[in-house]
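**Q** Contents are mmCIF, C-alpha atoms; file name final-v6.cif:
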```cif
data_query
#
loop_
_atom_site.group_PDB
_atom_site.id
_atom_site.type_symbol
_atom_site.label_atom_id
_atom_site.label_comp_id
_atom_site.auth_asym_id
_atom_site.auth_seq_id
_atom_site.Cartn_x
_atom_site.Cartn_y
_atom_site.Cartn_z
ATOM 1 C CA MET A 97 -9.452 147.245 133.554
ATOM 2 C CA GLN A 98 -6.791 147.612 130.850
ATOM 3 C CA LYS A 99 -6.649 145.059 128.069
ATOM 4 C CA PHE A 100 -3.801 142.600 128.436
ATOM 5 C CA SER A 101 -1.626 142.505 125.329
ATOM 6 C CA THR A 102 1.707 141.000 124.377
ATOM 7 C CA PHE A 103 4.570 142.868 126.009
ATOM 8 C CA THR A 104 8.315 142.647 126.588
ATOM 9 C CA SER A 105 10.032 143.593 129.820
ATOM 10 C CA ILE A 106 12.900 142.828 132.096
ATOM 11 C CA ALA A 107 11.900 140.657 135.070
ATOM 12 C CA THR A 108 12.519 141.356 138.747
ATOM 13 C CA PRO A 109 13.872 138.174 140.389
ATOM 14 C CA LEU A 110 12.494 137.861 143.929
ATOM 15 C CA GLU A 111 14.289 134.753 145.093
ATOM 16 C CA ARG A 112 11.992 133.778 147.963
ATOM 17 C CA ALA A 113 9.308 131.139 148.599
ATOM 18 C CA ASN A 114 6.092 131.492 150.638
ATOM 19 C CA ILE A 115 5.811 135.254 150.208
ATOM 20 C CA ASP A 116 2.610 136.145 152.038
ATOM 21 C CA THR A 117 0.200 138.994 151.443
ATOM 22 C CA ASP A 118 1.377 140.811 154.583
ATOM 23 C CA SER A 119 4.870 140.948 153.081
ATOM 24 C CA ILE A 120 3.450 142.155 149.771
ATOM 25 C CA ILE A 121 1.521 144.999 151.457
ATOM 26 C CA PRO A 122 1.825 145.274 155.277
ATOM 27 C CA LYS A 123 -1.346 145.546 157.349
ATOM 28 C CA GLN A 124 -0.930 149.196 158.397
ATOM 29 C CA PHE A 125 -1.549 150.287 154.797
ATOM 30 C CA LEU A 126 -4.926 148.562 154.475
ATOM 31 C CA LYS A 127 -6.911 151.659 155.364
ATOM 32 C CA SER A 128 -8.311 152.387 151.939
ATOM 33 C CA ILE A 129 -10.529 150.499 149.528
ATOM 34 C CA LYS A 130 -9.292 152.496 146.554
ATOM 35 C CA ARG A 131 -7.291 150.337 144.220
ATOM 36 C CA SER A 132 -4.608 152.950 143.636
ATOM 37 C CA GLY A 133 -1.827 154.361 145.789
ATOM 38 C CA PHE A 134 -0.513 151.094 147.230
ATOM 39 C CA GLY A 135 2.464 150.673 144.882
ATOM 40 C CA VAL A 136 4.777 152.931 146.892
ATOM 41 C CA ASN A 137 4.376 150.577 149.857
ATOM 42 C CA LEU A 138 4.738 147.305 147.953
ATOM 43 C CA PHE A 139 7.055 145.000 149.960
ATOM 44 C CA ASP A 140 7.426 147.941 152.373
ATOM 45 C CA GLU A 141 9.236 146.095 155.170
ATOM 46 C CA TRP A 142 11.888 144.781 152.754
ATOM 47 C CA ARG A 143 12.075 147.879 150.595
ATOM 48 C CA TYR A 144 12.751 150.455 153.301
ATOM 49 C CA LEU A 145 15.057 150.446 156.314
ATOM 50 C CA ASP A 146 12.566 152.127 158.637
ATOM 51 C CA HIS A 147 8.970 151.424 159.646
ATOM 52 C CA GLY A 148 6.347 152.909 157.341
ATOM 53 C CA GLU A 149 2.870 154.173 158.147
ATOM 54 C CA VAL A 150 0.066 155.671 156.077
ATOM 55 C CA GLY A 151 0.911 159.312 155.340
ATOM 56 C CA THR A 152 4.666 158.881 155.648
ATOM 57 C CA ASP A 153 6.638 160.687 152.931
ATOM 58 C CA ASN A 154 8.255 157.708 151.225
ATOM 59 C CA SER A 155 10.676 159.932 149.303
ATOM 60 C CA LYS A 156 12.421 160.722 152.606
ATOM 61 C CA ARG A 157 12.643 157.153 153.864
ATOM 62 C CA PRO A 158 15.955 155.221 153.724
ATOM 63 C CA LEU A 159 15.910 152.578 150.998
ATOM 64 C CA ASN A 160 17.239 149.058 151.472
ATOM 65 C CA MET A 161 19.543 148.919 148.446
ATOM 66 C CA ASP A 162 20.052 145.182 148.959
ATOM 67 C CA PHE A 163 16.391 144.603 148.105
ATOM 68 C CA VAL A 164 15.906 143.765 144.450
ATOM 69 C CA LEU A 165 13.135 146.304 143.770
ATOM 70 C CA ASN A 166 15.528 149.128 144.641
ATOM 71 C CA GLN A 167 18.247 148.070 142.239
ATOM 72 C CA GLU A 168 18.641 150.298 139.169
ATOM 73 C CA LYS A 169 18.607 147.509 136.574
ATOM 74 C CA TYR A 170 15.132 146.389 137.635
ATOM 75 C CA GLN A 171 13.442 149.785 137.532
ATOM 76 C CA GLY A 172 10.415 149.700 135.237
ATOM 77 C CA ALA A 173 10.115 145.902 135.268
ATOM 78 C CA LYS A 174 6.613 144.622 134.504
ATOM 79 C CA ILE A 175 7.321 140.977 135.344
ATOM 80 C CA LEU A 176 8.005 139.522 138.799
ATOM 81 C CA LEU A 177 9.707 136.142 139.270
ATOM 82 C CA ALA A 178 9.129 134.342 142.556
ATOM 83 C CA ARG A 179 9.255 130.906 144.105
ATOM 84 C CA GLU A 180 6.631 128.512 145.508
ATOM 85 C CA ASN A 181 3.356 129.509 147.159
ATOM 86 C CA PHE A 182 3.426 133.187 146.216
ATOM 87 C CA GLY A 183 0.576 135.201 147.757
ATOM 88 C CA CYS A 184 -0.133 132.923 150.720
ATOM 89 C CA GLY A 185 -1.509 134.270 154.018
ATOM 90 C CA SER A 186 -4.578 136.436 154.374
ATOM 91 C CA SER A 187 -7.044 136.938 151.528
ATOM 92 C CA ARG A 188 -6.545 140.697 151.230
ATOM 93 C CA GLU A 189 -7.164 141.963 147.704
ATOM 94 C CA HIS A 190 -4.826 144.865 148.482
ATOM 95 C CA ALA A 191 -1.904 142.567 147.566
ATOM 96 C CA PRO A 192 -2.660 142.402 143.816
ATOM 97 C CA TRP A 193 -3.724 146.067 143.988
ATOM 98 C CA ALA A 194 -0.227 146.984 145.243
ATOM 99 C CA LEU A 195 1.523 144.848 142.626
ATOM 100 C CA GLU A 196 -0.598 146.303 139.811
ATOM 101 C CA ASP A 197 -0.189 149.849 141.097
ATOM 102 C CA TYR A 198 3.601 149.384 141.207
ATOM 103 C CA GLY A 199 3.535 148.336 137.548
ATOM 104 C CA PHE A 200 3.721 144.552 137.516
ATOM 105 C CA LYS A 201 1.563 142.993 134.791
ATOM 106 C CA ALA A 202 2.609 139.359 135.263
ATOM 107 C CA ILE A 203 4.004 137.154 138.027
ATOM 108 C CA ILE A 204 5.749 133.893 137.205
ATOM 109 C CA ALA A 205 6.138 131.311 139.975
ATOM 110 C CA PRO A 206 5.915 127.525 140.502
ATOM 111 C CA SER A 207 2.698 127.912 142.513
ATOM 112 C CA PHE A 208 0.334 130.514 143.970
ATOM 113 C CA ALA A 209 -2.067 130.643 146.905
ATOM 114 C CA ASP A 210 -5.585 130.046 145.537
ATOM 115 C CA ILE A 211 -7.283 133.288 146.653
ATOM 116 C CA PHE A 212 -4.363 135.439 145.566
ATOM 117 C CA TYR A 213 -4.284 133.635 142.193
ATOM 118 C CA ASN A 214 -7.979 134.386 141.639
ATOM 119 C CA ASN A 215 -7.610 138.002 142.779
ATOM 120 C CA CYS A 216 -4.845 138.577 140.227
ATOM 121 C CA PHE A 217 -7.222 137.901 137.337
ATOM 122 C CA LYS A 218 -9.786 140.294 138.804
ATOM 123 C CA ASN A 219 -7.180 143.047 138.824
ATOM 124 C CA GLY A 220 -5.523 142.641 135.450
ATOM 125 C CA ILE A 221 -2.443 140.709 136.569
ATOM 126 C CA LEU A 222 -1.476 137.485 134.813
ATOM 127 C CA PRO A 223 -0.177 134.805 137.232
ATOM 128 C CA ILE A 224 1.822 132.203 135.291
ATOM 129 C CA VAL A 225 2.780 128.808 136.688
ATOM 130 C CA GLN A 226 6.063 127.236 135.577
ATOM 131 C CA ASP A 227 7.858 124.230 137.019
ATOM 132 C CA ASN A 228 11.014 124.608 139.087
ATOM 133 C CA ASN A 229 13.348 123.750 136.189
ATOM 134 C CA ALA A 230 11.834 126.497 134.036
ATOM 135 C CA MET A 231 11.937 128.900 136.994
ATOM 136 C CA ASP A 232 15.648 128.179 137.523
ATOM 137 C CA GLU A 233 16.290 129.077 133.865
ATOM 138 C CA LEU A 234 14.194 132.243 134.080
ATOM 139 C CA PHE A 235 15.961 133.339 137.266
ATOM 140 C CA ALA A 236 19.330 132.755 135.580
ATOM 141 C CA SER A 237 18.415 134.922 132.574
ATOM 142 C CA THR A 238 19.122 138.649 132.442
ATOM 143 C CA ASP A 239 17.471 139.183 129.057
ATOM 144 C CA GLU A 240 14.080 140.739 128.487
ATOM 145 C CA ILE A 241 11.096 138.397 128.551
ATOM 146 C CA THR A 242 8.189 138.506 126.107
ATOM 147 C CA ILE A 243 4.807 137.309 127.360
ATOM 148 C CA ASN A 244 2.180 136.499 124.728
ATOM 149 C CA LEU A 245 -1.136 135.723 126.401
ATOM 150 C CA ASP A 246 -2.895 134.868 123.157
ATOM 151 C CA ALA A 247 -0.250 132.221 122.363
ATOM 152 C CA GLN A 248 0.118 131.374 126.089
ATOM 153 C CA SER A 249 3.869 131.635 125.806
ATOM 154 C CA ILE A 250 6.934 133.121 127.465
ATOM 155 C CA TYR A 251 9.888 133.838 125.193
ATOM 156 C CA VAL A 252 13.411 134.515 126.430
ATOM 157 C CA ASN A 253 16.930 133.507 125.371
ATOM 158 C CA ASN A 254 15.650 131.992 122.105
ATOM 159 C CA LYS A 255 13.512 129.583 124.108
ATOM 160 C CA THR A 256 9.749 129.398 124.441
ATOM 161 C CA TYR A 257 7.922 128.261 127.564
ATOM 162 C CA LEU A 258 4.213 127.509 127.286
ATOM 163 C CA PHE A 259 1.697 127.970 130.100
ATOM 164 C CA GLU A 260 -1.879 126.946 130.866
ATOM 165 C CA ILE A 261 -4.741 129.327 131.614
ATOM 166 C CA ASP A 262 -8.488 128.968 131.978
ATOM 167 C CA THR A 263 -10.201 129.967 128.705
ATOM 168 C CA GLU A 264 -12.666 132.393 130.311
ATOM 169 C CA ARG A 265 -9.969 134.096 132.401
ATOM 170 C CA LYS A 266 -7.856 134.496 129.271
ATOM 171 C CA ARG A 267 -10.791 136.098 127.437
ATOM 172 C CA ARG A 268 -11.390 138.528 130.302
ATOM 173 C CA LEU A 269 -7.751 139.652 130.432
ATOM 174 C CA ILE A 270 -7.403 140.055 126.664
ATOM 175 C CA ASN A 271 -10.586 142.140 126.543
ATOM 176 C CA GLY A 272 -9.912 144.028 129.792
ATOM 177 C CA LEU A 273 -13.102 142.850 131.482
ATOM 178 C CA ASP A 274 -13.477 142.785 135.269
ATOM 179 C CA ASP A 275 -16.685 141.649 137.046
ATOM 180 C CA ILE A 276 -18.327 145.077 136.654
ATOM 181 C CA ASP A 277 -17.424 145.266 132.967
ATOM 182 C CA LEU A 278 -18.977 141.840 132.441
ATOM 183 C CA THR A 279 -22.232 143.002 134.044
ATOM 184 C CA LEU A 280 -22.266 146.212 132.002
ATOM 185 C CA GLN A 281 -22.151 144.143 128.806
ATOM 186 C CA TYR A 282 -25.762 143.295 129.616
ATOM 187 C CA ALA A 283 -26.831 146.835 130.592
ATOM 188 C CA ASP A 284 -29.476 147.104 127.841
ATOM 189 C CA ASP A 285 -30.917 143.679 128.739
ATOM 190 C CA ILE A 286 -31.058 144.666 132.422
ATOM 191 C CA LYS A 287 -32.885 147.931 131.607
ATOM 192 C CA THR A 288 -35.354 146.064 129.391
ATOM 193 C CA PHE A 289 -36.007 143.514 132.154
ATOM 194 C CA GLU A 290 -36.534 146.256 134.753
ATOM 195 C CA LYS A 291 -38.959 148.140 132.485
ATOM 196 C CA ASP A 292 -40.989 144.994 131.680
ATOM 197 C CA TYR A 293 -40.945 143.858 135.325
ATOM 198 C CA PHE A 294 -42.276 147.130 136.720
ATOM 199 C CA ASN A 295 -44.891 147.393 133.954
ATOM 200 C CA LYS A 296 -46.115 143.914 134.893
ATOM 201 C CA TYR A 297 -45.933 144.485 138.661
ATOM 202 C CA ASN A 298 -46.688 148.208 138.758
ATOM 203 C CA TRP A 299 -47.786 148.133 142.399
ATOM 204 C CA LEU A 300 -44.210 147.445 143.501
#
```
Just give me the structure as structure tokens.

**A**
Amino acid sequence: MQKFSTFTSIATPLERANIDTDSIIPKQFLKSIKRSGFGVNLFDEWRYLDHGEVGTDNSKRPLNMDFVLNQEKYQGAKILLARENFGCGSSREHAPWALEDYGFKAIIAPSFADIFYNNCFKNGILPIVQDNNAMDELFASTDEITINLDAQSIYVNNKTYLFEIDTERKRRLINGLDDIDLTLQYADDIKTFEKDYFNKYNWL
């Protein structure tokens, strides 16, 4: 997992509440457990005017130019703004995979579904909670936003918004540690334990 550092980006304003995981990545694309390759189908049913399936050449599909992800000024955005209860619905981990694969590094919303919120941290995405007043101001801004995880701050329009985050989750993101990376930190200890264990119980 990549280390999460301070970055500046434009933000894509997705002015909707209760966006569920099936909207983020529709069910027909859940045929792989690889974490990559889902970004082209992120928000597929809103992003394209036709029905998509696995294997479809997305470059030939008609785009819905009214959908915010297809608008030129938001190309390359690393921050997604949304409304309440983002990531509700099923517990599929493919949803944060698709967002990360598309290029989003942070999502700012008033609230998140619990499982989706937890899955974001496991996949290198920072979910930030801000109240509705702050969200209204962020949605109204067209300037770039700077997110500083170490300072737990959002900076835009000469104004700073602070956010809360669990200390251990912050440490994992800053150091780029997923669950496997955490285990591998103890690789030498595990090998030593295995060697001692099998020497002691050599009939096993």

**Q** Going by the chain IDs and residue numbers used in this file, which residues fall under the PyMOL selection byres ((chain A and resi 177) around 8)? Write them as a PyMOL selection string.

**A** chain A and resi 107-111+175-176+178-179+203-205+231+234-235

**Q** In Å, how far is it from atom CA of Lys201 of chain A to atom CA of Ala283 of chain A?

**A**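 We find that atom CA of Lys201 of chain A and atom CA of Ala283 of chain A lie 29.0 Å from each other.
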
**Q** Of the residues A:Asn253, A:Arg265, A:Lys99, A:Ala247, which is the one nearest to Cys216 of chain A, using all atoms listed in the file?

**A**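 Ranked by minimum distance to Cys216 of chain A, first place goes to A:Arg265.
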
**Q** For a test of reading the model, state the distance in Å between atom CA of Ser128 of chain A and atom CA of Gly172 of chain A, rounded to one decimal.

**A**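 Separation of atom CA of Ser128 of chain A and atom CA of Gly172 of chain A: 25.2 Å.
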
**Q** Which value, in Å to one decimal, gives the distance between atom CA of Leu159 of chain A and atom CA of Lys174 of chain A?

**A** 20.5 Å

**Q** Pick out the closest residue to Asn154 of chain A from this set: A:Asp116, A:Asp285, A:Asp140, A:Asp239. Count all atoms listed in the file.

**A** A:Asp140

**Q** When the PyMOL selection byres ((chain A and resi 102) around 7) is applied to the file above, which residues end up in the set, as a PyMOL selection string?

**A** chain A and resi 101+103+243-245

**Q** What residues come out when you apply the PyMOL selection byres ((chain A and resi 207) around 10) to this file, written as a PyMOL selection string?

**A** chain A and resi 113-114+178-183+204-206+208-210+213+223-228

**Q** Determine, counting only C-alpha atoms, which protein, DNA and RNA residues have an atom within 8 Å of an atom of Asp197 of chain A; residues of the same chain fewer than 2 positions away are not included. Present the result as a list in words.

**A**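 Surrounding residues, per the criterion: Arg131, Ser132, Gly133, Phe134, Gly135, Trp193, Ala194, Leu195, Gly199 and Phe200 of chain A.
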
**Q** Would you save the residues of that selection, restricted to C-alpha atoms, as a tab-separated table (two decimals), in the frame of the given file?

**A**
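Everything below was put into selection_3.tsv:
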```tsv
chain	number	residue	atom	x	y	z
A	131	ARG	CA	-7.29	150.34	144.22
A	132	SER	CA	-4.61	152.95	143.64
A	133	GLY	CA	-1.83	154.36	145.79
A	134	PHE	CA	-0.51	151.09	147.23
A	135	GLY	CA	2.46	150.67	144.88
A	193	TRP	CA	-3.72	146.07	143.99
A	194	ALA	CA	-0.23	146.98	145.24
A	195	LEU	CA	1.52	144.85	142.63
A	199	GLY	CA	3.54	148.34	137.55
A	200	PHE	CA	3.72	144.55	137.52
```

**Q** Which residue is closest to Met97 of chain A? Choose from A:Tyr144, A:Tyr170, A:Phe217, A:Phe212 and count all atoms listed in the file.

**A**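 Of A:Tyr144, A:Tyr170, A:Phe217, A:Phe212, the one nearest Met97 of chain A is A:Phe217, counting all atoms listed in the file.
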
**Q** To test the calculation: enclose all listed atoms of segment 204-214 of chain A in a box whose edges run along x, y and z, add 3 Å on each side, then state centre and edge lengths in Å to one decimal, as lines of an AutoDock Vina configuration file.

**A**
```
center_x = -0.9
center_y = 131.5
center_z = 142.1
size_x = 20.1
size_y = 13.9
size_z = 15.7
```

**Q** Which of these, A:Ala230, A:Ile129, A:Ile211, A:Ile276, has the shortest distance to His190 of chain A once you count all atoms listed in the file?

**A**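 Using all atoms listed in the file, the shortest distance to His190 of chain A belongs to A:Ile129.
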
**Q** Which residue, A:Ser119, A:Asn137, A:Thr288, A:Thr104, has the smallest gap to Arg157 of chain A when you use only C-alpha atoms?

**A**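 Ranked by minimum distance to Arg157 of chain A, first place goes to A:Asn137.
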
**Q** Within 6 Å of (2.6, 151.8, 156.4) (coordinates as in the file), grab all the protein and nucleic acid residues, counting all atoms listed in the file, and write them out as a ChimeraX atom specification.

**A** /A:124-125,148-150

**Q** So which one's closest to Glu233 of chain A, A:Gly220, A:Asp246, A:Lys255, A:Arg268? Using all atoms listed in the file, please.

**A**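 Using all atoms listed in the file, Glu233 of chain A sits closest to A:Lys255.
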